[in-house]
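Asker: So here's entry04.txt (compact mmCIF, C-alpha atoms).
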```txt
# COMPACT_ATOMS: atom_id res chain seq x y z
CA MET J 1 -23.31 22.85 2.14
CA ALA J 2 -24.35 26.29 1.12
CA ASP J 3 -23.15 28.18 4.14
CA ARG J 4 -19.71 26.65 4.21
CA ILE J 5 -16.52 27.92 2.71
CA HIS J 6 -13.64 25.68 1.81
CA LEU J 7 -10.53 27.44 3.08
CA LYS J 8 -7.11 26.47 1.84
CA VAL J 9 -3.82 28.06 2.80
CA VAL J 10 -0.97 27.03 0.50
CA THR J 11 2.72 27.84 0.79
CA PRO J 12 5.71 26.63 -1.24
CA GLY J 13 6.34 24.21 1.61
CA GLY J 14 2.97 22.54 1.26
CA VAL J 15 -0.67 22.94 2.22
CA THR J 16 -0.73 24.52 5.67
CA LEU J 17 -4.46 24.40 6.23
CA GLU J 18 -7.45 22.91 4.48
CA GLN J 19 -10.76 23.12 6.27
CA ASP J 20 -14.46 23.79 5.82
CA ILE J 21 -15.36 26.96 7.67
CA ASN J 22 -18.17 29.48 8.07
CA TYR J 23 -16.35 32.78 8.06
CA VAL J 24 -12.88 34.00 7.24
CA ASN J 25 -11.23 37.35 7.78
CA LEU J 26 -8.27 38.21 5.55
CA PRO J 27 -5.71 40.88 6.38
CA THR J 28 -5.30 42.99 3.25
CA PRO J 29 -2.98 45.99 2.94
CA GLU J 30 -6.05 48.22 3.02
CA GLY J 31 -7.72 46.74 6.07
CA SER J 32 -9.26 43.41 6.87
CA VAL J 33 -11.86 41.81 4.66
CA GLY J 34 -14.49 39.49 6.05
CA ILE J 35 -15.82 36.76 3.82
CA LEU J 36 -18.97 34.76 4.29
CA ALA J 37 -20.40 32.05 2.10
CA ASN J 38 -21.61 33.04 -1.39
CA HIS J 39 -19.19 35.93 -1.61
CA ALA J 40 -18.73 37.50 -5.04
CA PRO J 41 -15.67 36.25 -7.00
CA MET J 42 -12.65 38.21 -5.89
CA LEU J 43 -8.88 38.26 -6.00
CA CYS J 44 -7.10 40.25 -3.38
CA ALA J 45 -3.65 40.87 -2.06
CA VAL J 46 -3.01 39.64 1.45
CA GLY J 47 -0.69 41.53 3.75
CA LYS J 48 1.33 40.35 6.68
CA GLY J 49 -0.96 39.42 9.53
CA LYS J 50 -3.43 36.92 10.86
CA ILE J 51 -6.12 35.14 8.92
CA ARG J 52 -8.96 34.62 11.35
CA TYR J 53 -11.46 31.92 10.59
CA ARG J 54 -14.55 30.65 12.34
CA PHE J 55 -15.92 27.16 12.05
CA GLU J 56 -18.52 25.18 13.92
CA GLY J 57 -17.35 25.07 17.49
CA GLY J 58 -14.44 27.41 17.37
CA GLU J 59 -12.25 30.09 15.98
CA SER J 60 -8.63 29.93 14.95
CA PHE J 61 -5.81 31.88 13.34
CA VAL J 62 -3.18 31.39 10.70
CA SER J 63 -0.29 33.84 10.57
CA VAL J 64 0.79 34.66 7.05
CA SER J 65 3.63 36.73 5.68
CA GLY J 66 1.72 38.12 2.75
CA GLY J 67 0.50 36.74 -0.53
CA VAL J 68 -2.62 36.57 -2.65
CA ALA J 69 -6.09 35.20 -1.98
CA SER J 70 -8.70 34.06 -4.42
CA VAL J 71 -12.39 33.89 -3.56
CA GLY J 72 -14.99 32.19 -5.66
CA ASP J 73 -17.57 29.45 -5.60
CA ASN J 74 -17.43 29.16 -1.82
CA GLU J 75 -13.76 28.48 -2.00
CA VAL J 76 -11.06 30.65 -0.52
CA THR J 77 -7.49 29.88 -1.50
CA VAL J 78 -4.66 31.83 0.05
CA LEU J 79 -1.24 31.71 -1.56
CA ALA J 80 1.22 32.74 1.11
CA ASP J 81 4.99 32.88 1.20
CA GLU J 82 4.90 31.49 4.70
CA ALA J 83 2.09 30.46 7.01
CA ARG J 84 1.78 29.04 10.47
CA ILE J 85 -1.26 27.84 12.36
CA GLU J 86 -1.49 29.65 15.68
CA GLU J 87 -2.45 27.66 18.73
CA MET P 1 46.13 -19.65 -15.77
CA ALA P 2 45.88 -16.25 -14.10
CA ASN P 3 48.08 -15.97 -11.13
CA VAL P 4 46.71 -15.58 -7.65
CA ARG P 5 48.27 -12.22 -6.99
CA ALA P 6 46.88 -10.64 -10.15
CA ILE P 7 43.39 -11.81 -9.26
CA ARG P 8 43.75 -10.47 -5.72
CA THR P 9 44.72 -7.03 -7.03
CA HIS P 10 41.77 -7.09 -9.39
CA ILE P 11 39.40 -8.02 -6.55
CA LYS P 12 40.73 -5.18 -4.45
CA SER P 13 40.15 -2.62 -7.16
CA VAL P 14 36.64 -3.91 -7.87
CA GLU P 15 35.91 -3.75 -4.16
CA SER P 16 36.92 -0.12 -3.95
CA THR P 17 34.79 0.64 -7.01
CA ARG P 18 31.89 -1.00 -5.26
CA LYS P 19 32.45 1.16 -2.22
CA ILE P 20 32.32 4.28 -4.35
CA THR P 21 29.22 3.31 -6.32
CA LYS P 22 27.50 2.22 -3.16
CA SER P 23 28.11 5.49 -1.37
CA MET P 24 27.11 7.47 -4.46
CA LYS P 25 23.90 5.53 -4.50
CA MET P 26 23.30 6.33 -0.86
CA VAL P 27 24.01 10.05 -1.35
CA SER P 28 21.69 10.17 -4.35
CA ALA P 29 18.96 8.41 -2.40
CA ALA P 30 19.16 10.99 0.36
CA LYS P 31 19.16 13.90 -2.09
CA LEU P 32 16.34 12.33 -4.04
CA LYS P 33 14.21 12.13 -0.94
CA ARG P 34 14.79 15.78 -0.16
CA THR P 35 14.10 17.15 -3.63
CA GLN P 36 11.14 14.86 -4.12
CA GLN P 37 9.57 16.06 -0.88
CA ALA P 38 10.08 19.68 -1.87
CA MET P 39 8.70 18.97 -5.34
CA ASN P 40 5.54 17.37 -3.99
CA ALA P 41 5.07 20.12 -1.41
CA LEU P 42 5.34 22.82 -4.05
CA ARG P 43 2.81 21.27 -6.43
CA PRO P 44 -0.40 22.63 -4.86
CA TYR P 45 1.17 26.07 -4.65
CA ALA P 46 2.21 26.10 -8.29
CA ALA P 47 -1.19 24.80 -9.35
CA ALA P 48 -3.01 27.46 -7.31
CA ALA P 49 -0.77 30.21 -8.71
CA LYS P 50 -1.50 29.04 -12.24
CA GLU P 51 -5.21 28.95 -11.59
CA MET P 52 -5.30 32.42 -10.06
CA LEU P 53 -3.30 33.85 -12.92
CA ALA P 54 -5.71 32.22 -15.35
CA ARG P 55 -8.63 33.90 -13.58
CA VAL P 56 -7.12 37.32 -13.92
CA SER P 57 -5.31 36.97 -17.25
CA ALA P 58 -8.37 37.50 -19.46
CA GLY P 59 -9.47 40.62 -17.64
CA PRO P 60 -8.77 44.20 -18.64
CA ALA P 61 -6.12 44.61 -15.97
CA ALA P 62 -3.92 42.04 -17.67
CA GLN P 63 -3.96 43.65 -21.11
CA LYS P 64 -1.07 45.96 -20.34
CA ASP P 65 1.16 43.43 -18.66
CA PRO P 66 4.32 42.90 -20.75
CA PHE P 67 4.46 39.19 -19.91
CA LEU P 68 0.95 38.55 -21.13
CA GLN P 69 1.10 40.66 -24.27
CA LYS P 70 1.62 39.01 -27.58
CA ARG P 71 4.67 40.03 -29.53
CA GLU P 72 6.43 38.63 -32.51
CA ALA P 73 8.78 35.89 -31.40
CA ARG P 74 11.99 36.44 -33.30
CA ARG P 75 14.45 35.20 -30.74
CA VAL P 76 13.84 32.08 -28.73
CA LEU P 77 15.77 31.21 -25.62
CA TYR P 78 15.98 27.56 -24.66
CA VAL P 79 16.77 27.02 -21.01
CA LEU P 80 18.36 23.62 -20.64
CA PHE P 81 18.32 21.98 -17.22
CA VAL P 82 21.13 19.43 -17.17
CA GLY P 83 22.55 17.76 -14.08
CA ASN P 84 25.55 18.94 -12.14
CA ARG P 85 27.44 15.70 -12.68
CA GLY P 86 27.51 12.71 -14.94
CA LEU P 87 27.24 9.07 -13.86
CA CYS P 88 23.49 9.09 -14.09
CA GLY P 89 22.75 6.87 -17.05
CA VAL P 90 21.27 8.52 -20.12
CA TYR P 91 19.75 11.41 -18.17
CA ASN P 92 21.96 14.16 -19.59
CA THR P 93 22.60 12.71 -23.02
CA ALA P 94 18.90 12.07 -23.64
CA LEU P 95 18.22 15.70 -22.81
CA LEU P 96 20.98 16.92 -25.09
CA LYS P 97 19.76 14.76 -27.94
CA TYR P 98 16.24 16.07 -27.43
CA LEU P 99 17.43 19.66 -27.50
CA GLY P 100 19.49 18.95 -30.62
CA ALA P 101 16.42 17.68 -32.43
CA LEU P 102 14.46 20.69 -31.20
CA CYS P 103 17.06 23.13 -32.46
CA GLU P 104 17.19 21.46 -35.84
CA ARG P 105 13.51 22.12 -36.31
CA GLU P 106 13.75 25.67 -35.00
CA GLU P 107 13.53 28.20 -37.81
CA ARG P 108 13.79 31.32 -35.70
CA ASP P 109 16.86 32.81 -34.17
CA PHE P 110 17.66 30.95 -30.97
CA SER P 111 20.16 30.60 -28.18
CA VAL P 112 20.60 28.25 -25.26
CA LEU P 113 21.01 28.98 -21.56
CA VAL P 114 22.46 26.02 -19.71
CA CYS P 115 21.61 25.43 -16.05
CA GLY P 116 23.91 22.84 -14.56
CA ARG P 117 27.57 21.95 -14.54
CA TRP P 118 27.45 18.81 -16.64
CA GLY P 119 29.13 18.53 -20.01
CA ARG P 120 30.65 21.97 -20.37
CA ASP P 121 33.20 20.76 -22.89
CA LEU P 122 30.73 18.58 -24.69
CA LEU P 123 28.25 21.43 -24.99
CA ALA P 124 30.94 23.85 -26.06
CA SER P 125 32.04 21.53 -28.84
CA SER P 126 28.46 21.00 -30.00
CA ALA P 127 26.99 23.33 -32.57
CA LEU P 128 24.51 24.77 -30.08
CA PRO P 129 24.66 28.54 -29.61
CA ILE P 130 25.27 28.63 -25.86
CA ALA P 131 24.54 32.09 -24.53
CA GLU P 132 25.45 31.43 -20.95
CA THR P 133 26.09 28.65 -18.45
CA LEU P 134 24.80 28.86 -14.91
CA ASP P 135 26.87 26.40 -12.96
CA THR P 136 26.17 27.58 -9.45
CA LEU P 137 22.86 25.78 -8.96
CA SER P 138 22.97 23.40 -6.02
CA ASP P 139 21.77 19.81 -5.90
CA ALA P 140 18.80 20.79 -3.80
CA PRO P 141 17.53 24.06 -5.29
CA THR P 142 16.39 26.63 -2.73
CA LYS P 143 13.73 29.27 -3.00
CA GLU P 144 16.39 31.94 -3.40
CA GLU P 145 18.02 30.14 -6.31
CA ALA P 146 14.66 29.76 -8.03
CA GLU P 147 13.84 33.42 -7.46
CA GLU P 148 17.18 34.48 -8.86
CA LEU P 149 16.74 32.38 -11.99
CA ALA P 150 13.15 33.57 -12.45
CA GLU P 151 14.24 37.21 -12.19
CA LYS P 152 17.03 36.60 -14.67
CA LEU P 153 14.69 35.06 -17.21
CA LYS P 154 12.18 37.85 -16.73
CA ALA P 155 14.88 40.46 -17.29
CA LEU P 156 16.04 38.70 -20.47
CA TYR P 157 12.48 38.71 -21.73
CA LEU P 158 11.82 42.33 -20.84
CA CYS P 159 14.97 43.71 -22.43
CA GLY P 160 14.18 41.93 -25.69
CA GLU P 161 17.06 39.52 -25.52
CA ALA P 162 14.48 36.76 -25.88
CA ASP P 163 10.93 36.97 -27.19
CA GLU P 164 10.07 33.50 -26.11
CA ILE P 165 11.51 31.44 -23.28
CA VAL P 166 11.22 27.68 -23.40
CA LEU P 167 12.32 25.44 -20.55
CA VAL P 168 13.83 22.11 -21.58
CA PHE P 169 14.01 19.57 -18.78
CA GLU P 170 13.32 15.98 -17.87
CA ARG P 171 9.81 15.50 -16.58
CA TYR P 172 9.82 13.20 -13.58
CA TYR P 173 7.17 10.51 -13.93
CA SER P 174 8.61 7.91 -11.62
CA ALA P 175 11.94 6.68 -10.34
CA LEU P 176 12.32 4.66 -13.51
CA ARG P 177 10.80 7.00 -16.03
CA GLN P 178 11.95 10.50 -16.86
CA GLU P 179 11.34 12.02 -20.23
CA PRO P 180 12.61 15.20 -21.85
CA GLU P 181 9.96 17.83 -22.22
CA THR P 182 9.52 21.47 -23.05
CA LEU P 183 7.50 24.08 -21.26
CA ARG P 184 6.98 27.56 -22.61
CA LEU P 185 7.52 29.93 -19.72
CA LEU P 186 7.11 33.24 -21.53
CA PRO P 187 5.07 34.84 -22.96
CA LEU P 188 2.23 33.71 -20.74
CA GLU P 189 -0.87 32.38 -22.39
CA PRO P 190 -4.00 34.27 -21.29
CA ALA P 191 -6.74 31.85 -20.36
CA PRO P 192 -10.30 32.29 -21.62
CA ALA P 193 -12.42 34.25 -19.19
CA LYS P 194 -14.40 32.09 -16.82
CA ASP P 195 -16.19 34.21 -14.29
CA GLY P 196 -17.84 37.36 -15.49
CA LYS P 197 -17.24 39.96 -12.86
CA LEU P 198 -14.24 39.76 -10.66
CA ILE P 199 -13.45 42.07 -7.79
CA LEU P 200 -9.78 42.94 -7.68
CA GLU P 201 -8.29 44.34 -4.48
CA PRO P 202 -6.40 46.66 -4.12
CA ASP P 203 -6.24 47.17 -7.91
CA GLY P 204 -5.82 45.18 -11.07
CA LYS P 205 -2.25 46.08 -11.90
CA THR P 206 -0.84 45.25 -8.47
CA LEU P 207 -2.57 41.90 -8.51
CA VAL P 208 -1.58 40.98 -12.03
CA ASP P 209 2.04 41.91 -11.30
CA GLU P 210 2.05 39.86 -8.14
CA LEU P 211 0.36 36.84 -9.74
CA VAL P 212 2.69 36.91 -12.74
CA ARG P 213 5.64 37.01 -10.36
CA LEU P 214 4.25 34.14 -8.30
CA TYR P 215 3.46 32.06 -11.36
CA ILE P 216 6.85 32.47 -13.00
CA PHE P 217 8.68 31.88 -9.75
CA SER P 218 6.70 28.78 -8.82
CA THR P 219 7.01 27.36 -12.34
CA VAL P 220 10.76 27.86 -12.43
CA TRP P 221 11.14 26.35 -9.00
CA SER P 222 8.96 23.37 -9.89
CA VAL P 223 10.98 22.71 -13.01
CA LEU P 224 14.24 23.04 -11.10
CA LEU P 225 13.06 20.59 -8.47
CA GLU P 226 11.67 18.21 -11.03
CA ALA P 227 14.91 18.21 -13.02
CA LYS P 228 16.95 17.62 -9.88
CA THR P 229 14.66 14.88 -8.64
CA GLY P 230 15.05 13.18 -11.99
CA GLU P 231 18.81 13.56 -11.90
CA HIS P 232 19.14 12.07 -8.44
CA SER P 233 16.82 9.25 -9.25
CA ALA P 234 18.63 8.47 -12.51
CA ARG P 235 21.94 8.48 -10.68
CA MET P 236 20.55 6.23 -7.99
CA THR P 237 19.36 3.74 -10.59
CA ALA P 238 22.67 3.86 -12.44
CA MET P 239 24.65 3.39 -9.24
CA THR P 240 22.44 0.54 -8.09
CA ALA P 241 23.12 -1.22 -11.38
CA ALA P 242 26.84 -0.51 -11.07
CA THR P 243 26.93 -1.90 -7.52
CA ASP P 244 25.09 -5.02 -8.64
CA ASN P 245 27.58 -5.45 -11.47
CA THR P 246 30.56 -5.17 -9.16
CA GLU P 247 29.02 -7.78 -6.91
CA GLN P 248 28.61 -10.16 -9.82
CA LEU P 249 32.13 -9.49 -10.94
CA LEU P 250 33.43 -10.10 -7.42
CA GLU P 251 31.68 -13.44 -7.33
CA THR P 252 33.31 -14.54 -10.58
CA LEU P 253 36.68 -13.27 -9.47
CA ASN P 254 36.42 -15.09 -6.15
CA LEU P 255 35.67 -18.33 -7.98
CA GLU P 256 38.63 -17.75 -10.23
CA LEU P 257 40.82 -16.97 -7.25
CA ASN P 258 39.83 -20.17 -5.52
CA HIS P 259 40.50 -22.16 -8.67
CA ALA P 260 43.91 -20.62 -9.07
CA ARG P 261 44.73 -21.10 -5.41
CA GLN P 262 43.61 -24.71 -5.46
CA SER P 263 45.57 -25.59 -8.56
CA ALA P 264 48.60 -23.86 -7.07
CA ILE P 265 48.25 -26.00 -3.93
CA THR P 266 47.70 -29.14 -5.97
CA LYS P 267 50.72 -28.32 -8.02
CA GLU P 268 52.79 -27.74 -4.91
CA ILE P 269 51.67 -31.02 -3.33
CA THR P 270 52.40 -32.90 -6.51
CA GLU P 271 55.81 -31.34 -6.58
CA ILE P 272 56.49 -32.21 -2.94
CA VAL P 273 55.21 -35.73 -3.32
CA GLY P 274 57.15 -36.12 -6.53
CA GLY P 275 60.27 -34.76 -4.86
CA ALA P 276 59.81 -37.01 -1.82
CA ASN P 277 59.29 -40.05 -4.03
CA ALA P 278 62.38 -39.23 -6.00
CA LEU P 279 64.36 -38.86 -2.80
CA ARG P 280 63.02 -42.14 -1.45
CA ASP P 281 63.69 -43.89 -4.75
CA SER P 282 67.24 -42.67 -4.81
CA LYS P 283 67.78 -43.71 -1.16
CA GLU P 284 66.30 -47.13 -1.81
CA GLY P 285 68.45 -47.41 -4.92
CA LYS P 286 71.56 -46.68 -2.87
CA ARG P 287 70.58 -49.27 -0.24
CA ALA P 288 69.91 -51.85 -2.89
```
Render the structure in this file as structure tokens.

Answerer:
Amino acid sequence: MADRIHLKVVTPGGVTLEQDINYVNLPTPEGSVGILANHAPMLCAVGKGKIRYRFEGGESFVSVSGGVASVGDNEVTVLADEARIEE
Amino acid sequence: MANVRAIRTHIKSVESTRKITKSMKMVSAAKLKRTQQAMNALRPYAAAAKEMLARVSAGPAAQKDPFLQKREARRVLYVLFVGNRGLCGVYNTALLKYLGALCEREERDFSVLVCGRWGRDLLASSALPIAETLDTLSDAPTKEEAEELAEKLKALYLCGEADEIVLVFERYYSALRQEPETLRLLPLEPAPAKDGKLILEPDGKTLVDELVRLYIFSTVWSVLLEAKTGEHSARMTAMTAATDNTEQLLETLNLELNHARQSAITKEITEIVGGANALRDSKEGKRA
């Protein structure tokens, strides 16, 4: 689907989250970056904070301790040292 | 005819051997499970780090990175991942043989960094130029250990001690199949550019530095885990075979013991009967 983004949060301990979403907000050291579908290819550093993501029927968070994110082709992959899904 | 007591002693010693091999097998199985889990969990991370590095490595930001730059490889450093102990079949010796063949073909200047406690004397007596032995690595490598090793290798590369770093380890295919392999860690190979324009936040250098660090660290950790998983699995297989062998041996020994015991009893009875008959004969002889 064109308006969907495949979000993946990976840590050395395994894949924390893998989900199709509509919008994701990444905490970078220079402020938060919102990403919608069809975003330009990008690599960015991710700071300590919460990744907020919206999907059909809800919104959720993943806390990360910093890392790198790659955006491209409606896929967002976050490499984090540690990550935890917030309830 | 072996005597009963000798066989009993033999059985006892085989039984204690079985106890040892059996518990070693159990310990290896537990360690195998742990390292294998960690290895599988790390895989997506290592793959993603590699992919991200590939995306950025062809760009202008990566040109200045010392790990990505080409330089003449005069000194090669082989990092050999052996086990911490023996008793794991051909695991260590196969690796050593492989490295020996590799070194024979090597025309450049080279040295070897050994990771693992196994075979210190054997390695020292071999013709290999051992630069250093790291014998503090645990059986279940942690993130910190991997980071430490990665930093060490990076430092060796940066200071010119080594112009190329090659990891030599046993690739883990399955519990029954591990094969020696090499992996060139440094210098990194820039991948051909895929996407045209790439936004880099906050800036190219920071990202390249971070991705190089992540890639090297995750690769070293993967290799460490893979080597350890292979070691534990090889030891488990070897110890399973050893336990089976002791069981077979025990069976044979038990048979032998029973034979010996039976013939001893038969002999005793024959002697008693013979003695009794002789007594009776002599008594009857007196009466007659």

Asker: Would you mind listing, as a list in words, all residues of chain J that have at least one atom within 8 Å of chain P, where all atoms listed in the file are what counts?

Answerer: Val10, Thr11, Pro12, Gly13, Gly14, Val15, Pro29, Glu30, Ala40, Pro41, Met42, Leu43, Cys44, Ala45, Val68, Ser70, Thr77 and Leu79 of chain J

Asker: Just the number, please: distance in Å from atom CA of Arg84 of chain J to atom CA of Leu137 of chain P, one decimal.

Answerer: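 Atom CA of Leu137 of chain P lies at a distance of 28.9 Å from atom CA of Arg84 of chain J.
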
Asker: Please identify all polymer residues within 12 Å of Ile35 of chain J, counting only C-alpha atoms, omitting same-chain residues fewer than 4 positions from it, and present them as an MDAnalysis selection string.

Answerer: chainID J and resid 3:7 21:27 39:42 44 51:54 69:72 74:76

Asker: For the selection just defined, write its residues with C-alpha atoms to a file, as a PDB file, in the frame of the given file.

Answerer:
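File selection15.pdb, as written:
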```pdb
ATOM      1  CA  ASP J   3     -23.150  28.180   4.140  1.00  0.00           C
ATOM      2  CA  ARG J   4     -19.710  26.650   4.210  1.00  0.00           C
ATOM      3  CA  ILE J   5     -16.520  27.920   2.710  1.00  0.00           C
ATOM      4  CA  HIS J   6     -13.640  25.680   1.810  1.00  0.00           C
ATOM      5  CA  LEU J   7     -10.530  27.440   3.080  1.00  0.00           C
ATOM      6  CA  ILE J  21     -15.360  26.960   7.670  1.00  0.00           C
ATOM      7  CA  ASN J  22     -18.170  29.480   8.070  1.00  0.00           C
ATOM      8  CA  TYR J  23     -16.350  32.780   8.060  1.00  0.00           C
ATOM      9  CA  VAL J  24     -12.880  34.000   7.240  1.00  0.00           C
ATOM     10  CA  ASN J  25     -11.230  37.350   7.780  1.00  0.00           C
ATOM     11  CA  LEU J  26      -8.270  38.210   5.550  1.00  0.00           C
ATOM     12  CA  PRO J  27      -5.710  40.880   6.380  1.00  0.00           C
ATOM     13  CA  HIS J  39     -19.190  35.930  -1.610  1.00  0.00           C
ATOM     14  CA  ALA J  40     -18.730  37.500  -5.040  1.00  0.00           C
ATOM     15  CA  PRO J  41     -15.670  36.250  -7.000  1.00  0.00           C
ATOM     16  CA  MET J  42     -12.650  38.210  -5.890  1.00  0.00           C
ATOM     17  CA  CYS J  44      -7.100  40.250  -3.380  1.00  0.00           C
ATOM     18  CA  ILE J  51      -6.120  35.140   8.920  1.00  0.00           C
ATOM     19  CA  ARG J  52      -8.960  34.620  11.350  1.00  0.00           C
ATOM     20  CA  TYR J  53     -11.460  31.920  10.590  1.00  0.00           C
ATOM     21  CA  ARG J  54     -14.550  30.650  12.340  1.00  0.00           C
ATOM     22  CA  ALA J  69      -6.090  35.200  -1.980  1.00  0.00           C
ATOM     23  CA  SER J  70      -8.700  34.060  -4.420  1.00  0.00           C
ATOM     24  CA  VAL J  71     -12.390  33.890  -3.560  1.00  0.00           C
ATOM     25  CA  GLY J  72     -14.990  32.190  -5.660  1.00  0.00           C
ATOM     26  CA  ASN J  74     -17.430  29.160  -1.820  1.00  0.00           C
ATOM     27  CA  GLU J  75     -13.760  28.480  -2.000  1.00  0.00           C
ATOM     28  CA  VAL J  76     -11.060  30.650  -0.520  1.00  0.00           C
TER      29      VAL J  76
END
```

Asker: Need the shell around Glu107 of chain P: protein/DNA/RNA residues with any atom at most 12 Å away, counting only C-alpha atoms. Skip same-chain ones fewer than 6 positions apart. Format as a VMD selection string?

Answerer: chain P and resid 73 to 76

Asker: Please indicate the distance in Å from atom CA of Phe55 of chain J to atom CA of Ala47 of chain P, rounded to one decimal place.

Answerer: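 Separating atom CA of Phe55 of chain J from atom CA of Ala47 of chain P is a distance of 26.1 Å.
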
Asker: Taking into account all atoms listed in the file, which residue in the set P:Thr252, P:Ser233, P:Val220, P:Ala264 is nearest to Glu144 of chain P?

Answerer: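 Closest to Glu144 of chain P of all the choices is P:Val220.
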
Asker: I'd like the interatomic distance between atom CA of Lys70 of chain P and atom CA of Pro187 of chain P, to a tenth of an Å.

Answerer: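 Atom CA of Lys70 of chain P sits 7.1 Å away from atom CA of Pro187 of chain P.
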
Asker: Which residue, J:Thr16, J:Ser32, J:Asn38, J:Gly47, has the smallest gap to Val62 of chain J when you use only C-alpha atoms?

Answerer: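 Using only C-alpha atoms, Val62 of chain J sits closest to J:Thr16.
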
Asker: If we count all atoms listed in the file, what is near Thr136 of chain P at a cut-off of 12 Å, once residues fewer than 2 positions away on the same chain are taken out, given as a compact mmCIF listing (two decimals) with C-alpha atoms, keeping the file's coordinate frame?

Answerer:
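Result went into out.txt, see below:
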```txt
# COMPACT_ATOMS: atom_id res chain seq x y z
CA GLY P 83 22.55 17.76 -14.08
CA ASN P 84 25.55 18.94 -12.14
CA VAL P 114 22.46 26.02 -19.71
CA CYS P 115 21.61 25.43 -16.05
CA GLY P 116 23.91 22.84 -14.56
CA ARG P 117 27.57 21.95 -14.54
CA TRP P 118 27.45 18.81 -16.64
CA THR P 133 26.09 28.65 -18.45
CA LEU P 134 24.80 28.86 -14.91
CA SER P 138 22.97 23.40 -6.02
CA ASP P 139 21.77 19.81 -5.90
CA ALA P 140 18.80 20.79 -3.80
CA PRO P 141 17.53 24.06 -5.29
CA THR P 142 16.39 26.63 -2.73
CA GLU P 145 18.02 30.14 -6.31
CA ALA P 146 14.66 29.76 -8.03
CA GLU P 148 17.18 34.48 -8.86
CA LEU P 149 16.74 32.38 -11.99
```

Asker: For Asn92 of chain P, which of P:Glu164, P:Glu147, P:Glu247, P:Glu170 is the closest residue, counting all atoms listed in the file?

Answerer: P:Glu170

Asker: So, counting all atoms listed in the file, which residue among P:Ala260, P:Met239, P:Val273, P:Ala124 is closest to Cys88 of chain P?

Answerer: P:Met239

Asker: Report, as lines of an AutoDock Vina configuration file, the axis-aligned box around all atoms of segment 77-87 of chain P present in the file, extended by 6 Å on each side; give centre and edge lengths in Å to one decimal place.

Answerer:
```
center_x = 21.6
center_y = 20.1
center_z = -18.9
size_x = 23.7
size_y = 34.1
size_z = 25.5
```

Asker: Find the spatial neighbours of segment 177-184 of chain P, counting only C-alpha atoms, within a cut-off of 7 Å - ignore same-chain residues fewer than 5 positions away - and output them as an MDAnalysis selection string.

Answerer: chainID P and resid 95 98 165:172 230

Asker: Any idea what's packed within 10 Å of Leu96 of chain P, counting only C-alpha atoms, ignoring anything in its chain fewer than 3 positions away? Could you give it as a short mmCIF file (atom, residue, chain, number, x, y, z; two decimals) with C-alpha atoms, in the coordinates of the input?

Answerer:
```
data_model
loop_
_atom_site.label_atom_id
_atom_site.label_comp_id
_atom_site.auth_asym_id
_atom_site.auth_seq_id
_atom_site.Cartn_x
_atom_site.Cartn_y
_atom_site.Cartn_z
CA LEU P 80 18.36 23.62 -20.64
CA PHE P 81 18.32 21.98 -17.22
CA VAL P 82 21.13 19.43 -17.17
CA VAL P 90 21.27 8.52 -20.12
CA TYR P 91 19.75 11.41 -18.17
CA ASN P 92 21.96 14.16 -19.59
CA THR P 93 22.60 12.71 -23.02
CA LEU P 99 17.43 19.66 -27.50
CA GLY P 100 19.49 18.95 -30.62
CA ALA P 101 16.42 17.68 -32.43
CA LEU P 102 14.46 20.69 -31.20
CA GLY P 119 29.13 18.53 -20.01
CA LEU P 122 30.73 18.58 -24.69
CA LEU P 123 28.25 21.43 -24.99
CA SER P 126 28.46 21.00 -30.00
CA LEU P 128 24.51 24.77 -30.08
CA VAL P 168 13.83 22.11 -21.58
CA PHE P 169 14.01 19.57 -18.78
CA PRO P 180 12.61 15.20 -21.85
#
```

Asker: Measuring atom to atom with only C-alpha atoms, identify which of J:Gly34, J:Gly49, J:Gln19, J:Ser60 is nearest to Ala83 of chain J.

Answerer: J:Gly49

Asker: Add whatever atoms are absent from segment 141-148 of chain P to reach N, CA and C atoms, and provide the output as a short mmCIF file (atom, residue, chain, number, x, y, z; two decimals), in the frame of the given file.

Answerer:
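Written output follows (out.cif):
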```cif
data_model
loop_
_atom_site.label_atom_id
_atom_site.label_comp_id
_atom_site.auth_asym_id
_atom_site.auth_seq_id
_atom_site.Cartn_x
_atom_site.Cartn_y
_atom_site.Cartn_z
N PRO P 141 17.78 22.65 -5.02
CA PRO P 141 17.53 24.06 -5.29
C PRO P 141 16.70 24.72 -4.18
N THR P 142 17.12 25.90 -3.76
CA THR P 142 16.39 26.63 -2.73
C THR P 142 15.48 27.65 -3.38
N LYS P 143 14.65 28.24 -2.56
CA LYS P 143 13.73 29.27 -3.00
C LYS P 143 14.51 30.44 -3.60
N GLU P 144 15.60 30.79 -2.95
CA GLU P 144 16.39 31.94 -3.40
C GLU P 144 16.96 31.69 -4.79
N GLU P 145 17.45 30.47 -5.00
CA GLU P 145 18.02 30.14 -6.31
C GLU P 145 16.95 30.23 -7.40
N ALA P 146 15.76 29.73 -7.06
CA ALA P 146 14.66 29.76 -8.03
C ALA P 146 14.26 31.20 -8.32
N GLU P 147 14.21 32.02 -7.28
CA GLU P 147 13.84 33.42 -7.46
C GLU P 147 14.85 34.13 -8.35
N GLU P 148 16.12 33.84 -8.10
CA GLU P 148 17.18 34.48 -8.86
C GLU P 148 17.06 34.12 -10.35
#
```
